[in-house]
$ cat start08.txt   # compact mmCIF, C-alpha atoms and all ligand atoms
# COMPACT_ATOMS: atom_id res chain seq x y z
CA MET T 1 10.73 -20.56 -0.91
CA THR T 2 7.45 -22.36 -0.29
CA ARG T 3 5.15 -22.58 -3.27
CA LEU T 4 1.56 -21.79 -2.41
CA THR T 5 -1.08 -24.31 -3.40
CA GLU T 6 -4.59 -23.95 -4.74
CA LYS T 7 -5.82 -25.38 -1.43
CA ASP T 8 -3.92 -22.75 0.64
CA LEU T 9 -5.87 -20.07 -1.21
CA ALA T 10 -9.31 -21.67 -1.52
CA GLY T 11 -12.04 -19.44 -0.10
CA LEU T 12 -9.59 -16.78 1.02
CA ASP T 13 -11.62 -14.11 -0.79
CA ASN T 14 -14.56 -14.88 1.50
CA ILE T 15 -12.63 -14.41 4.72
CA LEU T 16 -10.93 -11.09 3.96
CA ASN T 17 -13.41 -9.27 6.12
CA SER T 18 -13.09 -11.63 9.09
CA TYR T 19 -9.30 -11.53 8.81
CA ASP T 20 -9.47 -7.75 8.89
CA LEU T 21 -11.68 -7.92 11.99
CA HIS T 22 -9.17 -10.31 13.60
CA LEU T 23 -6.39 -7.80 12.91
CA TYR T 24 -8.47 -4.91 14.18
CA ASN T 25 -9.88 -6.54 17.32
CA ASN T 26 -6.62 -8.08 18.45
CA PHE T 27 -3.92 -5.72 17.19
CA GLY T 28 -5.72 -2.46 16.40
CA LEU T 29 -4.89 -2.41 12.70
CA THR T 30 -6.43 -3.40 9.39
CA LEU T 31 -4.98 -4.79 6.18
CA LYS T 32 -5.09 -1.30 4.74
CA SER T 33 -3.63 0.54 7.74
CA ALA T 34 -0.92 -2.10 8.22
CA SER T 35 0.14 -1.87 4.58
CA ILE T 36 0.21 1.92 4.65
CA THR T 37 2.30 1.95 7.82
CA ALA T 38 4.60 -0.80 6.52
CA ALA T 39 5.22 1.18 3.33
CA GLY T 40 5.82 4.41 5.23
CA ILE T 41 3.23 6.41 3.27
CA SER T 42 0.23 8.45 4.40
CA LYS T 43 -3.39 7.34 4.13
CA GLU T 44 -4.09 10.42 2.01
CA TYR T 45 -1.37 9.45 -0.48
CA PHE T 46 -2.60 5.84 -0.59
CA ASP T 47 -6.22 6.88 -1.19
CA LYS T 48 -5.30 9.50 -3.80
CA LYS T 49 -3.08 7.11 -5.76
CA LEU T 50 -5.72 4.38 -5.72
CA GLN T 51 -8.17 6.81 -7.33
CA GLU T 52 -5.70 7.40 -10.14
CA ILE T 53 -4.33 3.98 -10.95
CA SER T 54 -5.40 0.71 -12.43
CA VAL T 55 -3.81 -2.62 -11.47
CA ALA T 56 -3.38 -5.75 -13.58
CA VAL T 57 -2.71 -9.25 -12.23
CA ILE T 58 -0.94 -11.40 -14.81
CA PRO T 59 -1.11 -15.19 -14.61
CA VAL T 60 2.35 -16.69 -15.26
CA THR T 61 2.65 -20.18 -16.78
CA MET T 62 6.42 -20.63 -16.73
CA GLY T 63 8.16 -23.05 -14.35
CA GLN T 64 5.63 -25.01 -12.34
CA GLY T 65 2.83 -23.04 -13.94
CA ILE T 66 -0.36 -21.45 -12.80
CA ILE T 67 -1.60 -21.99 -9.26
CA GLY T 68 -5.38 -22.27 -9.17
CA ASN T 69 -6.88 -19.34 -7.19
CA PHE T 70 -3.59 -17.38 -7.16
CA SER T 71 -4.42 -14.51 -9.55
CA TYR T 72 -8.01 -14.43 -8.35
CA THR T 73 -6.95 -14.20 -4.68
CA VAL T 74 -4.38 -11.48 -5.40
CA LYS T 75 -7.11 -9.56 -7.24
CA SER T 76 -9.56 -10.03 -4.32
CA ILE T 77 -7.04 -8.70 -1.78
CA LEU T 78 -6.18 -5.67 -3.92
CA GLN T 79 -9.85 -4.93 -4.49
CA TYR T 80 -10.53 -5.32 -0.78
CA VAL T 81 -8.08 -2.54 0.09
CA GLY T 82 -9.61 -0.30 -2.58
CA ALA T 83 -7.68 -0.85 -5.82
CA ASN T 84 -9.21 -0.96 -9.27
CA VAL T 85 -8.01 -4.37 -10.52
CA PHE T 86 -8.36 -6.75 -13.44
CA ILE T 87 -6.81 -10.11 -14.30
CA THR T 88 -5.41 -10.24 -17.81
CA GLU T 89 -6.93 -12.84 -20.12
CA SER T 90 -3.52 -13.51 -21.66
CA TYR T 91 -0.65 -15.05 -19.74
CA ASP T 92 3.07 -14.22 -19.44
CA VAL T 93 4.50 -11.63 -21.84
CA ALA T 94 1.21 -11.33 -23.71
CA GLY T 95 -0.42 -10.66 -20.33
CA ILE T 96 2.03 -7.83 -19.64
CA ALA T 97 1.24 -6.33 -23.03
CA GLU T 98 -2.49 -6.68 -22.38
CA GLY T 99 -2.18 -5.09 -18.95
CA ILE T 100 -0.34 -2.06 -20.36
CA ASN T 101 -2.70 -1.76 -23.34
CA ARG T 102 -5.69 -1.77 -20.99
CA GLY T 103 -4.13 1.10 -19.01
CA ALA T 104 -2.64 -0.65 -15.98
CA ASN T 105 0.00 1.29 -14.06
CA LEU T 106 0.80 -1.53 -11.69
CA LEU T 107 1.44 -5.13 -12.76
CA PHE T 108 1.35 -7.99 -10.23
CA MET T 109 3.03 -11.21 -11.38
CA ALA T 110 4.80 -14.21 -9.87
CA ASP T 111 6.90 -17.08 -11.12
CA ASP T 112 8.34 -19.83 -8.90
CA ASN T 113 11.07 -17.60 -7.48
CA GLN T 114 9.73 -14.12 -7.17
CA PHE T 115 6.44 -12.28 -6.82
CA ILE T 116 6.56 -8.61 -7.75
CA ALA T 117 4.43 -5.55 -8.34
CA LEU T 118 5.91 -3.44 -11.14
CA ASN T 119 5.01 0.22 -11.27
CA ASN T 120 5.66 0.89 -14.92
CA HIS T 121 5.17 4.66 -14.61
CA LYS T 122 7.68 5.10 -11.82
CA GLY T 123 9.97 2.27 -12.94
CA ILE T 124 9.99 0.63 -9.50
CA ILE T 125 9.11 -2.79 -8.20
CA SER T 126 7.96 -4.00 -4.83
CA ASP T 127 8.90 -7.53 -3.89
CA ASN T 128 6.58 -9.89 -2.04
CA ALA T 129 9.28 -11.15 0.35
CA GLU T 130 10.17 -7.63 1.47
CA ALA T 131 6.55 -6.48 1.62
CA THR T 132 5.52 -9.57 3.59
CA ALA T 133 8.32 -9.02 6.08
CA ARG T 134 7.41 -5.36 6.52
CA GLY T 135 3.67 -6.07 6.79
CA PHE T 136 4.12 -8.75 9.45
CA VAL T 137 6.71 -6.77 11.42
CA THR T 138 4.28 -3.84 11.40
CA ALA T 139 1.55 -6.09 12.80
CA LEU T 140 3.87 -7.53 15.49
CA ASN T 141 4.92 -3.98 16.36
CA ALA T 142 1.24 -3.10 16.85
CA ALA T 143 0.68 -6.21 18.97
CA ALA T 144 3.62 -5.21 21.19
CA LYS T 145 2.48 -1.57 21.29
CA GLY T 146 5.95 -0.78 19.95
CA LEU T 147 8.88 -3.18 19.71
CA GLU T 148 11.55 -0.68 20.68
CA ASN T 149 13.98 -2.34 23.15
CA LYS T 150 11.82 -5.47 23.25
CA GLU T 151 13.31 -8.89 22.63
CA VAL T 152 12.16 -10.64 19.48
CA LEU T 153 13.01 -14.16 18.35
CA LEU T 154 13.36 -14.35 14.59
CA ILE T 155 13.04 -17.92 13.32
CA GLY T 156 14.38 -18.49 9.82
CA ALA T 157 16.87 -16.22 8.12
CA GLY T 158 15.86 -16.77 4.50
CA LYS T 159 14.58 -14.03 2.24
CA VAL T 160 11.56 -12.96 4.32
CA GLY T 161 13.49 -13.43 7.58
CA SER T 162 16.35 -11.23 6.37
CA PHE T 163 13.99 -8.44 5.36
CA ALA T 164 12.21 -8.83 8.71
CA LEU T 165 15.54 -8.47 10.51
CA GLU T 166 16.17 -5.23 8.63
CA HIS T 167 12.79 -3.79 9.61
CA LEU T 168 13.00 -5.04 13.22
CA ASN T 169 16.36 -3.25 13.48
CA GLU T 170 14.80 -0.07 12.10
CA LEU T 171 12.25 -0.31 14.93
CA ASP T 172 15.07 -0.79 17.48
CA ALA T 173 13.87 -4.21 18.59
CA LYS T 174 16.44 -6.48 20.26
CA VAL T 175 16.51 -9.38 17.84
CA ALA T 176 17.87 -12.88 18.38
CA VAL T 177 18.05 -15.13 15.34
CA TYR T 178 17.52 -18.86 15.06
CA ASP T 179 18.05 -20.75 11.84
CA ILE T 180 18.32 -24.45 11.20
CA ASP T 181 21.55 -23.74 9.27
CA ASN T 182 24.37 -23.43 11.81
CA LYS T 183 26.71 -21.81 9.28
CA LYS T 184 24.25 -18.98 8.75
CA LEU T 185 23.93 -18.55 12.51
CA GLU T 186 27.70 -18.38 12.89
CA GLN T 187 27.78 -15.60 10.27
CA PHE T 188 25.14 -13.65 12.20
CA LYS T 189 27.18 -14.12 15.37
CA GLN T 190 30.26 -12.74 13.62
CA LEU T 191 28.20 -9.69 12.69
CA GLY T 192 27.50 -9.12 16.38
CA LEU T 193 23.91 -10.37 16.35
CA LYS T 194 22.43 -12.38 19.17
CA ILE T 195 21.75 -15.97 18.09
CA GLU T 196 19.82 -18.86 19.57
CA THR T 197 21.04 -22.37 18.84
CA ASN T 198 18.39 -24.48 20.57
CA ILE T 199 14.91 -23.66 19.30
CA ASN T 200 13.02 -25.52 22.02
CA GLU T 201 14.87 -23.63 24.75
CA ALA T 202 14.59 -20.33 22.90
CA LEU T 203 10.83 -20.44 22.28
CA ASN T 204 9.94 -20.13 25.95
CA LYS T 205 12.12 -17.07 26.51
CA TYR T 206 10.53 -14.69 24.02
CA LYS T 207 7.23 -12.86 24.17
CA TYR T 208 7.55 -11.74 20.54
CA ILE T 209 8.28 -14.23 17.79
CA PHE T 210 8.62 -13.70 14.06
CA ASP T 211 8.38 -17.11 12.41
CA ALA T 212 9.72 -16.85 8.86
CA SER T 213 10.69 -20.49 8.59
CA PRO T 214 9.19 -22.75 5.92
CA MET T 215 8.92 -25.60 8.44
CA GLY T 216 5.45 -26.59 9.59
CA ASP T 217 4.00 -28.01 12.78
CA PHE T 218 7.04 -27.76 15.09
CA ILE T 219 5.96 -25.19 17.67
CA ASP T 220 3.92 -26.79 20.44
CA LEU T 221 1.91 -24.78 22.93
CA ASP T 222 3.89 -25.96 25.95
CA LEU T 223 7.13 -24.67 24.41
CA LEU T 224 5.90 -21.07 24.29
CA HIS T 225 5.91 -18.08 26.63
CA PRO T 226 2.36 -17.76 28.05
CA GLU T 227 2.03 -14.18 26.77
CA VAL T 228 3.57 -14.79 23.38
CA TYR T 229 2.64 -12.90 20.21
CA ILE T 230 3.59 -14.56 16.95
CA ALA T 231 3.83 -13.07 13.47
CA ALA T 232 4.00 -16.01 11.12
CA PRO T 233 4.14 -15.40 7.39
CA GLY T 234 5.84 -18.77 6.89
CA MET T 235 3.90 -21.42 4.99
CA PRO T 236 3.09 -23.95 6.28
CA LEU T 237 2.48 -22.56 9.75
CA GLY T 238 5.16 -23.48 12.31
CA LEU T 239 2.62 -23.68 15.14
CA THR T 240 0.89 -27.00 15.69
CA LYS T 241 -2.87 -26.99 15.01
CA GLU T 242 -3.58 -27.11 18.74
CA ALA T 243 -1.25 -24.21 19.52
CA TYR T 244 -2.78 -22.12 16.70
CA LYS T 245 -6.30 -22.83 17.93
CA THR T 246 -5.48 -21.88 21.52
CA LEU T 247 -3.35 -18.84 20.69
CA ASN T 248 -5.37 -17.60 17.74
CA LYS T 249 -5.89 -14.08 19.14
CA ARG T 250 -2.13 -13.68 19.57
CA VAL T 251 -1.16 -14.92 16.12
CA ILE T 252 -0.84 -13.04 12.84
CA HIS T 253 -0.79 -15.57 10.04
CA ASP T 254 -1.97 -15.52 6.45
CA PRO T 255 -0.70 -16.90 3.14
CA LEU T 256 -1.01 -13.72 1.05
CA GLN T 257 -3.10 -10.90 2.49
CA LEU T 258 -0.62 -8.70 4.38
CA GLY T 259 2.11 -9.26 1.80
CA VAL T 260 -0.02 -8.37 -1.20
CA ALA T 261 -1.61 -5.32 0.44
CA THR T 262 1.85 -4.08 1.46
CA MET T 263 3.27 -4.71 -2.05
CA LEU T 264 0.56 -2.40 -3.34
CA ALA T 265 1.31 0.33 -0.83
CA MET T 266 5.06 0.04 -1.47
CA ALA T 267 4.65 0.30 -5.24
CA LEU T 268 2.47 3.43 -5.30
O1 LIG T 301 4.29 -19.04 -4.75
C1 LIG T 301 5.12 -18.62 -5.55
C2 LIG T 301 6.59 -18.64 -5.27
N1 LIG T 301 6.89 -19.57 -4.22
C3 LIG T 301 7.10 -17.25 -4.98
C4 LIG T 301 6.42 -16.63 -3.82
C5 LIG T 301 7.14 -15.45 -3.31
N2 LIG T 301 6.75 -15.23 -1.92
N3 LIG T 301 4.82 -18.13 -6.75
C6 LIG T 301 3.47 -18.04 -7.23
C7 LIG T 301 3.38 -18.53 -8.65
C8 LIG T 301 2.09 -18.12 -9.30
C9 LIG T 301 1.85 -18.69 -10.67
N4 LIG T 301 2.92 -18.49 -11.58
C10 LIG T 301 0.57 -18.05 -11.21
O2 LIG T 301 -0.54 -18.56 -10.92
O3 LIG T 301 0.65 -17.05 -11.92

$ encode --input "start08.txt" --output "structure tokens"
Amino acid sequence: MTRLTEKDLAGLDNILNSYDLHLYNNFGLTLKSASITAAGISKEYFDKKLQEISVAVIPVTMGQGIIGNFSYTVKSILQYVGANVFITESYDVAGIAEGINRGANLLFMADDNQFIALNNHKGIISDNAEATARGFVTALNAAAKGLENKEVLLIGAGKVGSFALEHLNELDAKVAVYDIDNKKLEQFKQLGLKIETNINEALNKYKYIFDASPMGDFIDLDLLHPEVYIAAPGMPLGLTKEAYKTLNKRVIHDPLQLGVATMLAMAL
């Protein structure tokens, strides 16, 4: 799983509004509406719960340690969608204790392997990989005005890709999977799933692409369907800089926003 960097997150708090406008103008949704839809809850429930709860973000030092801007950016996103949030002054276990003592009902924390929101009242967690997959599939579904019976190319069958596959199946999309690992692809084939084995040939055939691969800079403009829509939670972005610039209005890509907003909605 790709580790975010301080640079990936720099200034992200300042562009939340323009990202929301991008989502709204091009796909007819917002961070808040996408997260609510992805979590399968109502707006009323979301708004009511946010009035009641307090959220703590806990910096975690273990493993490779704290990522500059990480806790702050998570807090900014949660605040942007209406949550009452604080970052604990203490780290790790002491941070959890501080969060609970200061009345938090939801605790956001990430180490090198997993990023979760723990609802300590309900005893449930929402996982960033699952929430990211659901948030981005929801956005792609909006871009397609419904993915039912539409062909989708899923690139990368890691954690996010596997959750995306689950949600795409729930929406009755016709999914074909590509992964760099041929063994994985063979397993998918055995399960009766459509697979693609040549990415360059596959790219041009699909109007809807979910790029969950951690590989950057491999999707050139001339490889793509002219009317393509791409949901790309993968970091770094698979599209080349030129392709991203040209296709911007048809691309959903962010390092944290949709995932974090959806984690919140899923944990309420
Ligand atoms: O970026 C990560 C991991 N790759 C997991 C991401 C799951 N999608 N973790 C963030 C680590 C944050 C750090 N411990 C902090 O600043 O608290």

$ closest_residue --input "start08.txt" --among "T:Phe115, T:Tyr19, T:Tyr244, T:Tyr208" --to "Tyr80 of chain T" --atoms "only C-alpha atoms"
T:Tyr19

$ residues_near_ligand --input "start08.txt" --ligand "ligand LIG 301 (chain T)" --cutoff "6 Å" --atoms "all atoms listed in the file" --output "list in words"
Met1, Thr2, Arg3, Leu4, Pro59, Val60, Thr61, Gly65, Ile66, Ile67, Phe70, Ser71, Ala110, Asp111, Asp112, Asn113, Gln114, Phe115, Asn128 and Ala129 of chain T

$ atom_distance --input "start08.txt" --atom1 "atom CA of Leu258 of chain T" --atom2 "atom CA of Phe136 of chain T"
6.9 Å

$ closest_residue --input "start08.txt" --among "T:Leu221, T:Thr262, T:Asp8, T:Leu118" --to "Ala39 of chain T" --atoms "all atoms listed in the file"
T:Thr262

$ atom_distance --input "start08.txt" --atom1 "atom CA of Ile155 of chain T" --atom2 "atom CA of Ile195 of chain T"
10.1 Å

$ residues_around --input "start08.txt" --residues "Asp211 of chain T" --least-positions-apart "4" --cutoff "8 Å" --atoms "all atoms listed in the file" --output "list in words"
Leu154, Ile155, Gly156, Gly161, Ile230, Ala231, Ala232, Pro233, Gly234 and Gly238 of chain T

$ residues_around --input "start08.txt" --residues "segment 40-53 of chain T" --least-positions-apart "2" --cutoff "8 Å" --atoms "only C-alpha atoms" --output "mmCIF file with C-alpha atoms, in the frame of the given file"
data_model
loop_
_atom_site.group_PDB
_atom_site.id
_atom_site.type_symbol
_atom_site.label_atom_id
_atom_site.label_comp_id
_atom_site.auth_asym_id
_atom_site.auth_seq_id
_atom_site.Cartn_x
_atom_site.Cartn_y
_atom_site.Cartn_z
ATOM 1 C CA SER T 33 -3.630 0.540 7.740
ATOM 2 C CA ILE T 36 0.210 1.920 4.650
ATOM 3 C CA THR T 37 2.300 1.950 7.820
ATOM 4 C CA ALA T 38 4.600 -0.800 6.520
ATOM 5 C CA VAL T 55 -3.810 -2.620 -11.470
ATOM 6 C CA GLY T 82 -9.610 -0.300 -2.580
ATOM 7 C CA ALA T 83 -7.680 -0.850 -5.820
ATOM 8 C CA ASN T 84 -9.210 -0.960 -9.270
ATOM 9 C CA ALA T 104 -2.640 -0.650 -15.980
ATOM 10 C CA ASN T 105 0.000 1.290 -14.060
ATOM 11 C CA LEU T 106 0.800 -1.530 -11.690
ATOM 12 C CA ALA T 265 1.310 0.330 -0.830
ATOM 13 C CA LEU T 268 2.470 3.430 -5.300
#

$ decode --input "start08.txt" --residues "segment 191-204 of chain T" --atoms "all heavy atoms" --output "compact mmCIF listing (two decimals), in the first residue's frame"
# COMPACT_ATOMS: atom_id res chain seq x y z
N LEU T 191 -12.70 -17.87 -11.08
CA LEU T 191 -13.95 -17.49 -10.38
C LEU T 191 -15.03 -17.03 -11.36
O LEU T 191 -16.11 -16.59 -10.97
CB LEU T 191 -13.67 -16.36 -9.38
CG LEU T 191 -12.84 -16.74 -8.15
CD1 LEU T 191 -12.45 -15.49 -7.36
CD2 LEU T 191 -13.62 -17.70 -7.25
N GLY T 192 -14.68 -17.05 -12.66
CA GLY T 192 -15.68 -16.68 -13.67
C GLY T 192 -15.68 -15.21 -14.02
O GLY T 192 -16.57 -14.73 -14.72
N LEU T 193 -14.67 -14.48 -13.54
CA LEU T 193 -14.62 -13.04 -13.85
C LEU T 193 -13.92 -12.79 -15.18
O LEU T 193 -13.02 -13.55 -15.57
CB LEU T 193 -13.82 -12.32 -12.77
CG LEU T 193 -14.61 -11.82 -11.59
CD1 LEU T 193 -13.68 -11.50 -10.44
CD2 LEU T 193 -15.38 -10.56 -11.99
N LYS T 194 -14.34 -11.73 -15.84
CA LYS T 194 -13.65 -11.36 -17.08
C LYS T 194 -12.30 -10.73 -16.70
O LYS T 194 -12.24 -9.91 -15.78
CB LYS T 194 -14.51 -10.36 -17.86
CG LYS T 194 -13.91 -10.00 -19.19
CD LYS T 194 -14.83 -9.14 -20.03
CE LYS T 194 -14.10 -8.75 -21.31
NZ LYS T 194 -14.71 -7.66 -22.01
N ILE T 195 -11.25 -11.13 -17.41
CA ILE T 195 -9.94 -10.53 -17.14
C ILE T 195 -9.37 -9.92 -18.42
O ILE T 195 -9.76 -10.30 -19.52
CB ILE T 195 -8.93 -11.55 -16.55
CG1 ILE T 195 -8.72 -12.72 -17.52
CG2 ILE T 195 -9.35 -12.04 -15.18
CD1 ILE T 195 -7.46 -13.52 -17.21
N GLU T 196 -8.49 -8.97 -18.25
CA GLU T 196 -7.73 -8.40 -19.35
C GLU T 196 -6.26 -8.66 -19.07
O GLU T 196 -5.81 -8.45 -17.93
CB GLU T 196 -7.98 -6.89 -19.47
CG GLU T 196 -9.38 -6.50 -19.91
CD GLU T 196 -9.63 -6.74 -21.40
OE1 GLU T 196 -8.68 -7.09 -22.12
OE2 GLU T 196 -10.79 -6.59 -21.83
N THR T 197 -5.53 -9.11 -20.08
CA THR T 197 -4.13 -9.45 -19.82
C THR T 197 -3.15 -8.46 -20.46
O THR T 197 -1.99 -8.44 -20.11
CB THR T 197 -3.82 -10.87 -20.36
OG1 THR T 197 -4.29 -10.95 -21.70
CG2 THR T 197 -4.47 -11.94 -19.51
N ASN T 198 -3.66 -7.62 -21.35
CA ASN T 198 -2.78 -6.64 -21.99
C ASN T 198 -3.36 -5.24 -21.71
O ASN T 198 -4.36 -4.84 -22.28
CB ASN T 198 -2.72 -6.90 -23.49
CG ASN T 198 -1.79 -5.93 -24.19
OD1 ASN T 198 -1.70 -4.75 -23.83
ND2 ASN T 198 -1.07 -6.43 -25.18
N ILE T 199 -2.71 -4.53 -20.81
CA ILE T 199 -3.28 -3.26 -20.35
C ILE T 199 -3.39 -2.24 -21.48
O ILE T 199 -4.39 -1.52 -21.59
CB ILE T 199 -2.50 -2.69 -19.13
CG1 ILE T 199 -3.19 -1.45 -18.55
CG2 ILE T 199 -1.05 -2.42 -19.42
CD1 ILE T 199 -4.54 -1.65 -18.00
N ASN T 200 -2.40 -2.17 -22.34
CA ASN T 200 -2.45 -1.18 -23.42
C ASN T 200 -3.60 -1.42 -24.38
O ASN T 200 -4.25 -0.48 -24.85
CB ASN T 200 -1.13 -1.14 -24.18
CG ASN T 200 -0.05 -0.46 -23.37
OD1 ASN T 200 -0.33 0.07 -22.29
ND2 ASN T 200 1.18 -0.48 -23.85
N GLU T 201 -3.89 -2.70 -24.63
CA GLU T 201 -5.03 -3.01 -25.50
C GLU T 201 -6.34 -2.78 -24.76
O GLU T 201 -7.33 -2.33 -25.33
CB GLU T 201 -4.95 -4.47 -25.96
CG GLU T 201 -3.98 -4.65 -27.11
CD GLU T 201 -3.78 -6.12 -27.45
OE1 GLU T 201 -4.60 -6.96 -27.05
OE2 GLU T 201 -2.76 -6.40 -28.12
N ALA T 202 -6.35 -3.07 -23.48
CA ALA T 202 -7.59 -2.98 -22.70
C ALA T 202 -8.04 -1.52 -22.52
O ALA T 202 -9.23 -1.21 -22.65
CB ALA T 202 -7.40 -3.62 -21.32
N LEU T 203 -7.09 -0.63 -22.29
CA LEU T 203 -7.43 0.76 -21.95
C LEU T 203 -8.39 1.40 -22.96
O LEU T 203 -9.34 2.08 -22.60
CB LEU T 203 -6.16 1.60 -21.83
CG LEU T 203 -5.37 1.41 -20.53
CD1 LEU T 203 -4.00 2.06 -20.62
CD2 LEU T 203 -6.14 1.96 -19.33
N ASN T 204 -8.13 1.14 -24.23
CA ASN T 204 -8.92 1.77 -25.28
C ASN T 204 -10.36 1.26 -25.38
O ASN T 204 -11.24 1.91 -25.92
CB ASN T 204 -8.19 1.55 -26.62
CG ASN T 204 -8.81 2.39 -27.69
OD1 ASN T 204 -9.62 1.89 -28.47
ND2 ASN T 204 -8.48 3.67 -27.70
